[in-house]
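Source file: run02.pdb; contents: PDB, C-alpha atoms, pLDDT in the B column.
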```pdb
ATOM      1  CA  MET A  27       0.300 240.780 123.026  1.00 40.00           C
ATOM      2  CA  SER A  28       3.609 241.966 124.464  1.00 45.00           C
ATOM      3  CA  LEU A  29       6.323 239.355 124.667  1.00 46.00           C
ATOM      4  CA  HIS A  30       7.194 240.756 128.095  1.00 46.00           C
ATOM      5  CA  MET A  31       3.779 239.670 129.319  1.00 38.00           C
ATOM      6  CA  GLN A  32       3.771 236.331 127.537  1.00 48.00           C
ATOM      7  CA  ASP A  33       6.572 234.371 129.171  1.00 56.00           C
ATOM      8  CA  SER A  34       5.358 231.096 127.671  1.00 70.00           C
ATOM      9  CA  ILE A  35       6.021 232.170 124.078  1.00 89.00           C
ATOM     10  CA  SER A  36       7.804 229.552 121.961  1.00 95.00           C
ATOM     11  CA  ILE A  37      10.425 230.461 119.368  1.00 97.00           C
ATOM     12  CA  ALA A  38      11.816 228.043 116.796  1.00 98.00           C
ATOM     13  CA  ILE A  39      15.316 228.498 115.435  1.00 98.00           C
ATOM     14  CA  VAL A  40      15.658 226.835 112.051  1.00 98.00           C
ATOM     15  CA  GLY A  41      19.255 225.761 111.672  1.00 94.00           C
ATOM     16  CA  GLY A  42      19.557 226.215 115.415  1.00 94.00           C
ATOM     17  CA  THR A  43      22.602 224.013 115.906  1.00 94.00           C
ATOM     18  CA  GLY A  44      24.840 226.529 114.116  1.00 93.00           C
ATOM     19  CA  SER A  45      26.857 229.155 115.987  1.00 93.00           C
ATOM     20  CA  LEU A  46      24.318 231.964 115.527  1.00 94.00           C
ATOM     21  CA  GLY A  47      21.409 229.704 116.405  1.00 95.00           C
ATOM     22  CA  MET A  48      23.033 228.369 119.550  1.00 96.00           C
ATOM     23  CA  GLY A  49      24.066 231.829 120.707  1.00 95.00           C
ATOM     24  CA  LEU A  50      20.555 233.154 120.162  1.00 96.00           C
ATOM     25  CA  ALA A  51      19.011 230.124 121.883  1.00 96.00           C
ATOM     26  CA  GLY A  52      21.123 230.770 124.961  1.00 95.00           C
ATOM     27  CA  ARG A  53      20.222 234.442 125.068  1.00 95.00           C
ATOM     28  CA  LEU A  54      16.517 233.630 124.787  1.00 95.00           C
ATOM     29  CA  ALA A  55      16.504 230.799 127.312  1.00 94.00           C
ATOM     30  CA  ARG A  56      18.149 232.819 130.078  1.00 91.00           C
ATOM     31  CA  PRO A  57      15.090 235.061 130.618  1.00 89.00           C
ATOM     32  CA  GLY A  58      12.787 232.051 130.326  1.00 91.00           C
ATOM     33  CA  VAL A  59      11.710 231.950 126.681  1.00 94.00           C
ATOM     34  CA  ARG A  60      10.914 228.455 125.404  1.00 96.00           C
ATOM     35  CA  VAL A  61      13.326 227.761 122.550  1.00 97.00           C
ATOM     36  CA  LEU A  62      12.889 224.988 119.995  1.00 98.00           C
ATOM     37  CA  ILE A  63      16.196 224.235 118.297  1.00 98.00           C
ATOM     38  CA  GLY A  64      15.470 222.953 114.819  1.00 97.00           C
ATOM     39  CA  SER A  65      17.797 220.687 112.904  1.00 96.00           C
ATOM     40  CA  ARG A  66      17.630 218.402 109.891  1.00 94.00           C
ATOM     41  CA  ASP A  67      18.562 215.620 112.311  1.00 95.00           C
ATOM     42  CA  ALA A  68      16.369 215.138 115.399  1.00 94.00           C
ATOM     43  CA  GLN A  69      19.173 213.640 117.496  1.00 96.00           C
ATOM     44  CA  ARG A  70      21.532 216.482 116.687  1.00 96.00           C
ATOM     45  CA  GLY A  71      18.894 218.995 117.753  1.00 96.00           C
ATOM     46  CA  ALA A  72      18.189 217.068 120.956  1.00 96.00           C
ATOM     47  CA  ASP A  73      21.897 216.836 121.808  1.00 97.00           C
ATOM     48  CA  ALA A  74      22.377 220.574 121.236  1.00 97.00           C
ATOM     49  CA  ALA A  75      19.381 221.374 123.454  1.00 97.00           C
ATOM     50  CA  ARG A  76      20.618 219.080 126.222  1.00 97.00           C
ATOM     51  CA  ASP A  77      24.093 220.619 126.176  1.00 96.00           C
ATOM     52  CA  LEU A  78      22.683 224.138 126.280  1.00 96.00           C
ATOM     53  CA  ASN A  79      20.285 223.352 129.140  1.00 96.00           C
ATOM     54  CA  GLU A  80      23.138 221.843 131.154  1.00 96.00           C
ATOM     55  CA  ARG A  81      25.315 224.869 130.556  1.00 93.00           C
ATOM     56  CA  LEU A  82      22.567 227.334 131.493  1.00 93.00           C
ATOM     57  CA  GLY A  83      20.980 225.317 134.281  1.00 94.00           C
ATOM     58  CA  THR A  84      17.561 225.571 132.612  1.00 91.00           C
ATOM     59  CA  ASP A  85      15.046 223.334 130.894  1.00 94.00           C
ATOM     60  CA  PHE A  86      13.685 225.898 128.443  1.00 95.00           C
ATOM     61  CA  VAL A  87      15.445 224.516 125.356  1.00 97.00           C
ATOM     62  CA  GLU A  88      14.173 221.593 123.282  1.00 97.00           C
ATOM     63  CA  GLY A  89      15.604 220.042 120.143  1.00 97.00           C
ATOM     64  CA  MET A  90      13.714 218.488 117.253  1.00 97.00           C
ATOM     65  CA  VAL A  91      13.549 218.396 113.471  1.00 97.00           C
ATOM     66  CA  ASN A  92      12.975 221.785 111.836  1.00 98.00           C
ATOM     67  CA  ALA A  93       9.382 221.137 110.761  1.00 98.00           C
ATOM     68  CA  ASP A  94       8.278 220.074 114.247  1.00 97.00           C
ATOM     69  CA  ALA A  95      10.037 223.055 115.840  1.00 98.00           C
ATOM     70  CA  VAL A  96       8.315 225.544 113.546  1.00 98.00           C
ATOM     71  CA  ARG A  97       4.951 223.829 113.904  1.00 97.00           C
ATOM     72  CA  GLU A  98       5.027 224.228 117.704  1.00 96.00           C
ATOM     73  CA  ALA A  99       6.364 227.790 117.746  1.00 97.00           C
ATOM     74  CA  GLU A 100       4.728 231.197 117.479  1.00 94.00           C
ATOM     75  CA  LEU A 101       7.757 232.841 115.894  1.00 97.00           C
ATOM     76  CA  ALA A 102      10.466 231.271 113.772  1.00 98.00           C
ATOM     77  CA  VAL A 103      14.027 232.414 113.136  1.00 98.00           C
ATOM     78  CA  ILE A 104      15.716 231.378 109.883  1.00 98.00           C
ATOM     79  CA  SER A 105      19.374 230.921 110.759  1.00 96.00           C
ATOM     80  CA  VAL A 106      20.947 229.007 107.887  1.00 96.00           C
ATOM     81  CA  PRO A 107      23.641 229.847 105.322  1.00 95.00           C
ATOM     82  CA  TYR A 108      22.254 231.769 102.368  1.00 96.00           C
ATOM     83  CA  GLU A 109      22.770 228.906  99.950  1.00 96.00           C
ATOM     84  CA  GLY A 110      20.384 226.763 102.002  1.00 96.00           C
ATOM     85  CA  GLN A 111      17.665 229.347 102.573  1.00 97.00           C
ATOM     86  CA  GLU A 112      15.512 228.865  99.457  1.00 97.00           C
ATOM     87  CA  LYS A 113      15.167 225.104  99.916  1.00 97.00           C
ATOM     88  CA  MET A 114      14.677 225.386 103.677  1.00 98.00           C
ATOM     89  CA  VAL A 115      11.938 228.021 103.446  1.00 98.00           C
ATOM     90  CA  THR A 116      10.264 226.160 100.583  1.00 98.00           C
ATOM     91  CA  ASP A 117      10.315 222.884 102.498  1.00 98.00           C
ATOM     92  CA  LEU A 118       8.915 224.553 105.632  1.00 98.00           C
ATOM     93  CA  ALA A 119       6.448 226.857 103.881  1.00 98.00           C
ATOM     94  CA  GLU A 120       3.364 225.111 105.220  1.00 97.00           C
ATOM     95  CA  GLU A 121       4.620 225.251 108.822  1.00 98.00           C
ATOM     96  CA  LEU A 122       5.855 228.850 108.519  1.00 98.00           C
ATOM     97  CA  ARG A 123       2.776 230.409 106.958  1.00 94.00           C
ATOM     98  CA  GLY A 124       0.874 232.716 109.288  1.00 93.00           C
ATOM     99  CA  LYS A 125       3.719 233.030 111.797  1.00 97.00           C
ATOM    100  CA  ILE A 126       6.177 235.874 112.245  1.00 98.00           C
ATOM    101  CA  VAL A 127       9.360 234.810 110.477  1.00 98.00           C
ATOM    102  CA  ILE A 128      12.645 236.444 111.480  1.00 98.00           C
ATOM    103  CA  ASP A 129      15.133 236.152 108.626  1.00 98.00           C
ATOM    104  CA  ALA A 130      18.732 236.414 109.848  1.00 98.00           C
ATOM    105  CA  VAL A 131      20.219 235.149 106.582  1.00 97.00           C
ATOM    106  CA  VAL A 132      23.038 237.085 104.926  1.00 97.00           C
ATOM    107  CA  PRO A 133      23.864 236.583 101.222  1.00 97.00           C
ATOM    108  CA  LEU A 134      27.627 236.039 101.217  1.00 94.00           C
ATOM    109  CA  LEU A 135      30.001 234.566  98.659  1.00 90.00           C
ATOM    110  CA  LYS A 136      33.428 233.784 100.128  1.00 84.00           C
ATOM    111  CA  GLY A 137      32.729 236.271 102.904  1.00 80.00           C
ATOM    112  CA  ARG A 138      31.650 239.053 100.556  1.00 88.00           C
ATOM    113  CA  PRO A 139      28.075 240.359 100.334  1.00 91.00           C
ATOM    114  CA  PHE A 140      26.037 240.376  97.162  1.00 95.00           C
ATOM    115  CA  VAL A 141      22.478 241.315  96.242  1.00 95.00           C
ATOM    116  CA  PRO A 142      20.328 238.293  95.284  1.00 95.00           C
ATOM    117  CA  GLU A 143      18.031 238.361  92.274  1.00 94.00           C
ATOM    118  CA  ALA A 144      14.977 239.162  94.420  1.00 96.00           C
ATOM    119  CA  GLY A 145      16.801 242.089  96.066  1.00 97.00           C
ATOM    120  CA  SER A 146      17.631 240.524  99.434  1.00 98.00           C
ATOM    121  CA  ALA A 147      17.407 237.271 101.379  1.00 98.00           C
ATOM    122  CA  LEU A 148      14.358 238.695 103.145  1.00 98.00           C
ATOM    123  CA  LEU A 149      12.535 239.419  99.896  1.00 98.00           C
ATOM    124  CA  GLU A 150      13.349 235.943  98.599  1.00 98.00           C
ATOM    125  CA  ALA A 151      11.802 234.369 101.697  1.00 98.00           C
ATOM    126  CA  GLN A 152       8.798 236.718 101.494  1.00 98.00           C
ATOM    127  CA  LYS A 153       8.218 235.742  97.860  1.00 97.00           C
ATOM    128  CA  ILE A 154       8.151 232.053  98.802  1.00 98.00           C
ATOM    129  CA  LEU A 155       5.826 232.500 101.791  1.00 98.00           C
ATOM    130  CA  GLY A 156       3.472 235.135 100.370  1.00 97.00           C
ATOM    131  CA  ASP A 157       2.139 238.352 101.828  1.00 94.00           C
ATOM    132  CA  GLY A 158       0.148 236.637 104.573  1.00 95.00           C
ATOM    133  CA  THR A 159       3.322 235.688 106.444  1.00 97.00           C
ATOM    134  CA  PRO A 160       5.337 238.678 107.669  1.00 98.00           C
ATOM    135  CA  VAL A 161       9.056 238.174 107.145  1.00 98.00           C
ATOM    136  CA  ILE A 162      11.179 240.458 109.301  1.00 98.00           C
ATOM    137  CA  GLY A 163      14.906 240.952 108.811  1.00 98.00           C
ATOM    138  CA  ALA A 164      16.955 241.120 112.014  1.00 98.00           C
ATOM    139  CA  LEU A 165      20.134 239.894 113.755  1.00 97.00           C
ATOM    140  CA  HIS A 166      22.325 240.197 110.662  1.00 96.00           C
ATOM    141  CA  ASN A 167      24.923 242.416 112.307  1.00 95.00           C
ATOM    142  CA  ILE A 168      25.364 240.713 115.703  1.00 93.00           C
ATOM    143  CA  SER A 169      28.246 238.278 116.027  1.00 90.00           C
ATOM    144  CA  ALA A 170      27.528 234.730 117.145  1.00 90.00           C
ATOM    145  CA  LEU A 171      30.446 235.092 119.568  1.00 92.00           C
ATOM    146  CA  ASP A 172      28.798 238.030 121.336  1.00 93.00           C
ATOM    147  CA  LEU A 173      25.437 236.259 121.440  1.00 93.00           C
ATOM    148  CA  SER A 174      27.093 233.268 123.089  1.00 91.00           C
ATOM    149  CA  ALA A 175      28.676 235.385 125.839  1.00 89.00           C
ATOM    150  CA  PRO A 176      25.908 236.325 128.321  1.00 81.00           C
ATOM    151  CA  ASP A 177      27.732 239.377 129.666  1.00 81.00           C
ATOM    152  CA  GLU A 178      28.895 240.701 126.296  1.00 86.00           C
ATOM    153  CA  PRO A 179      27.047 243.895 125.279  1.00 86.00           C
ATOM    154  CA  LEU A 180      25.169 243.683 122.014  1.00 91.00           C
ATOM    155  CA  GLY A 181      25.051 246.387 119.382  1.00 86.00           C
ATOM    156  CA  ASP A 182      21.909 247.858 117.885  1.00 96.00           C
ATOM    157  CA  VAL A 183      19.823 245.540 115.725  1.00 97.00           C
ATOM    158  CA  LEU A 184      18.291 246.989 112.576  1.00 98.00           C
ATOM    159  CA  VAL A 185      14.847 245.499 111.972  1.00 98.00           C
ATOM    160  CA  CYS A 186      13.284 245.614 108.485  1.00 98.00           C
ATOM    161  CA  GLY A 187       9.924 244.490 107.185  1.00 98.00           C
ATOM    162  CA  ASP A 188       6.583 245.591 105.823  1.00 98.00           C
ATOM    163  CA  SER A 189       4.496 244.704 108.904  1.00 98.00           C
ATOM    164  CA  ARG A 190       4.776 247.324 111.622  1.00 97.00           C
ATOM    165  CA  GLU A 191       3.087 245.074 114.179  1.00 97.00           C
ATOM    166  CA  ALA A 192       5.470 242.191 113.441  1.00 98.00           C
ATOM    167  CA  LYS A 193       8.476 244.495 113.692  1.00 98.00           C
ATOM    168  CA  GLU A 194       7.277 245.732 117.084  1.00 97.00           C
ATOM    169  CA  ARG A 195       7.038 242.164 118.353  1.00 96.00           C
ATOM    170  CA  VAL A 196      10.538 241.400 117.102  1.00 97.00           C
ATOM    171  CA  ILE A 197      11.891 244.550 118.767  1.00 97.00           C
ATOM    172  CA  GLU A 198      10.308 243.454 122.058  1.00 95.00           C
ATOM    173  CA  LEU A 199      11.971 240.074 121.638  1.00 94.00           C
ATOM    174  CA  LEU A 200      15.342 241.722 121.064  1.00 95.00           C
ATOM    175  CA  ASP A 201      14.891 243.676 124.275  1.00 93.00           C
ATOM    176  CA  ARG A 202      14.577 240.313 126.008  1.00 90.00           C
ATOM    177  CA  ILE A 203      18.094 239.321 124.961  1.00 92.00           C
ATOM    178  CA  GLY A 204      19.711 242.621 125.885  1.00 92.00           C
ATOM    179  CA  ALA A 205      19.822 244.169 122.427  1.00 95.00           C
ATOM    180  CA  THR A 206      18.320 247.403 121.146  1.00 96.00           C
ATOM    181  CA  GLY A 207      16.078 246.785 118.183  1.00 97.00           C
ATOM    182  CA  LEU A 208      15.420 249.709 115.860  1.00 98.00           C
ATOM    183  CA  ASP A 209      12.772 249.919 113.143  1.00 98.00           C
ATOM    184  CA  ALA A 210      14.901 250.401 110.039  1.00 98.00           C
ATOM    185  CA  GLY A 211      12.027 250.656 107.602  1.00 98.00           C
ATOM    186  CA  PRO A 212      10.382 248.441 104.996  1.00 98.00           C
ATOM    187  CA  ALA A 213      11.522 245.148 103.550  1.00 98.00           C
ATOM    188  CA  ALA A 214      13.070 247.057 100.639  1.00 98.00           C
ATOM    189  CA  ASN A 215      15.800 248.255 103.025  1.00 98.00           C
ATOM    190  CA  ALA A 216      16.899 244.721 103.889  1.00 98.00           C
ATOM    191  CA  TYR A 217      19.611 244.565 101.230  1.00 97.00           C
ATOM    192  CA  VAL A 218      21.431 247.418 102.990  1.00 97.00           C
ATOM    193  CA  VAL A 219      21.223 245.792 106.414  1.00 97.00           C
ATOM    194  CA  GLU A 220      22.242 242.382 105.093  1.00 97.00           C
ATOM    195  CA  GLY A 221      25.145 243.942 103.213  1.00 96.00           C
ATOM    196  CA  LEU A 222      26.510 245.600 106.340  1.00 96.00           C
ATOM    197  CA  THR A 223      27.599 242.175 107.537  1.00 95.00           C
ATOM    198  CA  GLY A 224      30.261 242.132 104.833  1.00 94.00           C
ATOM    199  CA  VAL A 225      31.507 245.498 106.108  1.00 95.00           C
ATOM    200  CA  LEU A 226      31.698 244.167 109.665  1.00 95.00           C
ATOM    201  CA  ILE A 227      33.585 241.091 108.488  1.00 94.00           C
ATOM    202  CA  ALA A 228      36.120 243.357 106.768  1.00 94.00           C
ATOM    203  CA  LEU A 229      36.462 245.490 109.909  1.00 95.00           C
ATOM    204  CA  ASN A 230      37.031 242.420 112.061  1.00 95.00           C
ATOM    205  CA  ARG A 231      39.748 241.202 109.723  1.00 95.00           C
ATOM    206  CA  ARG A 232      41.452 244.582 109.452  1.00 96.00           C
ATOM    207  CA  TYR A 233      41.439 245.318 113.179  1.00 97.00           C
ATOM    208  CA  LYS A 234      41.859 241.726 114.410  1.00 97.00           C
ATOM    209  CA  SER A 235      38.556 241.589 116.234  1.00 94.00           C
ATOM    210  CA  LYS A 236      35.479 239.375 116.355  1.00 91.00           C
ATOM    211  CA  HIS A 237      33.124 241.904 117.923  1.00 92.00           C
ATOM    212  CA  ALA A 238      32.345 244.577 115.301  1.00 93.00           C
ATOM    213  CA  SER A 239      28.706 245.620 115.400  1.00 93.00           C
ATOM    214  CA  VAL A 240      26.405 248.513 114.490  1.00 94.00           C
ATOM    215  CA  LYS A 241      25.610 251.454 116.751  1.00 94.00           C
ATOM    216  CA  ILE A 242      23.069 254.075 115.711  1.00 95.00           C
ATOM    217  CA  THR A 243      23.476 257.511 117.287  1.00 95.00           C
ATOM    218  CA  GLY A 244      21.346 260.622 117.412  1.00 95.00           C
ATOM    219  CA  ILE A 245      17.915 259.025 117.879  1.00 90.00           C
ATOM    220  CA  HIS A 246      17.951 257.647 121.439  1.00 68.00           C
TER     221      HIS A 246
END
```

Is it possible to express this structure as structure tokens?
Amino acid sequence: MSLHMQDSISIAIVGGTGSLGMGLAGRLARPGVRVLIGSRDAQRGADAARDLNERLGTDFVEGMVNADAVREAELAVISVPYEGQEKMVTDLAEELRGKIVIDAVVPLLKGRPFVPEAGSALLEAQKILGDGTPVIGALHNISALDLSAPDEPLGDVLVCGDSREAKERVIELLDRIGATGLDAGPAANAYVVEGLTGVLIALNRRYKSKHASVKITGIH
């Protein structure tokens, strides 16, 4: 079912109190998507949700512990630092299985990208969850600062994964927040997309910006 037609869809953001999670939560809540901000601490999640609702003038955002957020949601976004991903996905495996999982994790070491043993953060999460749970890579190359600014244009979002149907649903979701999602191929391509974040970090440093993003030309 199209996300455009299903306004009541619920999306959990694991690690939602971080800068990327909060920016994404705000973008989703503005058009009326129910957002469940997940945190390791229930009070921290609730406080973040309250602050965001007050700022937006909405009541679409709720805060709770990560497991409860994922359990109630139809889609889940993994928005944690790379070093915390394996434990987080393992701990939440039962709640995540069978849902569409959007992996926004970027393997970085002191701001520099590297390729994990499994090939990418996406493939590591997919290995933990098994083939029955589609893991889709997205949102790696959008800055949290731009997500947090409602009028800031967003760059293209490269979407990777082995489930075409799941990728289409994620692309529809991205349309909701004002981004252009593009099917960038199978899960095997995720290491390239994740690695681009290191390039954008270098560009931001070199040109004293915080807004570098990806724009794909020639196919629109």

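Atom to atom, atom CA of A:Asp209 and atom CA of A:Val127 stand 15.7 Å apart.
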
Point-to-point distance in Å for atom CA of A:Thr206 and atom CA of A:Asp177: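 Atom CA of A:Asp177 sits 15.0 Å away from atom CA of A:Thr206.
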
Stretch 190-193 of chain A: which residues within 10 Å, counting all atoms listed in the file, same-chain residues fewer than 4 positions away excluded, as a list in words?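 Within the cut-off, the hits are Leu101, Lys125, Ile126, Val127, Ile128, Thr159, Pro160, Val161, Ile162, Gly163, Ala164, Val185, Cys186, Ile197, Glu198, Leu199, Gly207, Leu208, Asp209, Ala210, Gly211 and Pro212 of chain A.
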
For the provided coordinates, the residues matched by the PyMOL selection byres ((chain A and resi 172) around 12) should be stated as a PyMOL selection string. chain A and resi 45-46+48-50+52-53+165+167-171+173-181+203-205+235-239

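Pairwise distance (atom CA of A:Tyr217, atom CA of A:Glu143) equals 11.0 Å.
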
For A:Ala147, the nearest of the candidates A:Gly64, A:Pro107, A:Gly124, A:Gly41, counting all atoms listed in the file: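 Closest candidate: A:Pro107.
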
Taking the file above as input, evaluate the PyMOL selection byres ((chain A and resi 214) around 10) and report the hits as a ChimeraX atom specification. /A:145-146,148-149,186-188,211-213,215-218

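Distance check against A:Lys113 using only C-alpha atoms: of A:Ala130, A:Leu54, A:Ile154, A:Ala99, the minimum falls on A:Ile154.
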
In terms of the shortest atom-to-atom distance over all atoms listed in the file, which of A:Ala93, A:Gly83, A:Ser105, A:Glu100 is closest to A:Gly44?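 Looking only at the distances to A:Gly44, the closest residue turns out to be A:Ser105.
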
Among the residues A:Ile39, A:Val183, A:Leu200, A:Ile227, the one that comes closest to A:Pro57 [using only C-alpha atoms]: A:Leu200

Residues matched by the PyMOL selection byres ((chain A and resi 61) around 10) as a list in words: Ile35, Ser36, Ile37, Ala38, Ile39, Gly42, Leu50, Ala51, Gly52, Arg53, Leu54, Ala55, Gly58, Val59, Arg60, Leu62, Ile63, Gly64, Ala75, Asp85, Phe86, Val87, Glu88, Gly89, Ala95, Ala99 and Ala102 of chain A

Determine the nearest neighbour of A:Ile104 from the options A:Leu82, A:Val91, A:Leu134, A:Ala151, counting only C-alpha atoms.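 Smallest distance to A:Ile104 is found for A:Ala151.
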
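Shortest separation to A:Arg138 among A:Leu184, A:Leu226, A:Val96, A:Val240 occurs at residue A:Leu226, atoms counted being all atoms listed in the file.
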
Enclose all atoms of stretch 137-147 of chain A listed in the file in an axis-aligned box, grow every side by 6 Å, and hand back centre and edge lengths in Å to one decimal, as AutoDock Vina command-line options.
```
--center_x 23.9 --center_y 239.2 --center_z 97.6 --size_x 29.8 --size_y 17.8 --size_z 22.6
```

Could you give me, as JSON, numbers by chain, the residues within 12 Å of A:Thr116, counting only C-alpha atoms and dropping anything in the same chain fewer than 5 positions from it? {"A": [93, 104, 110, 111, 121, 122, 123, 150, 151, 152, 153, 154, 155, 156]}
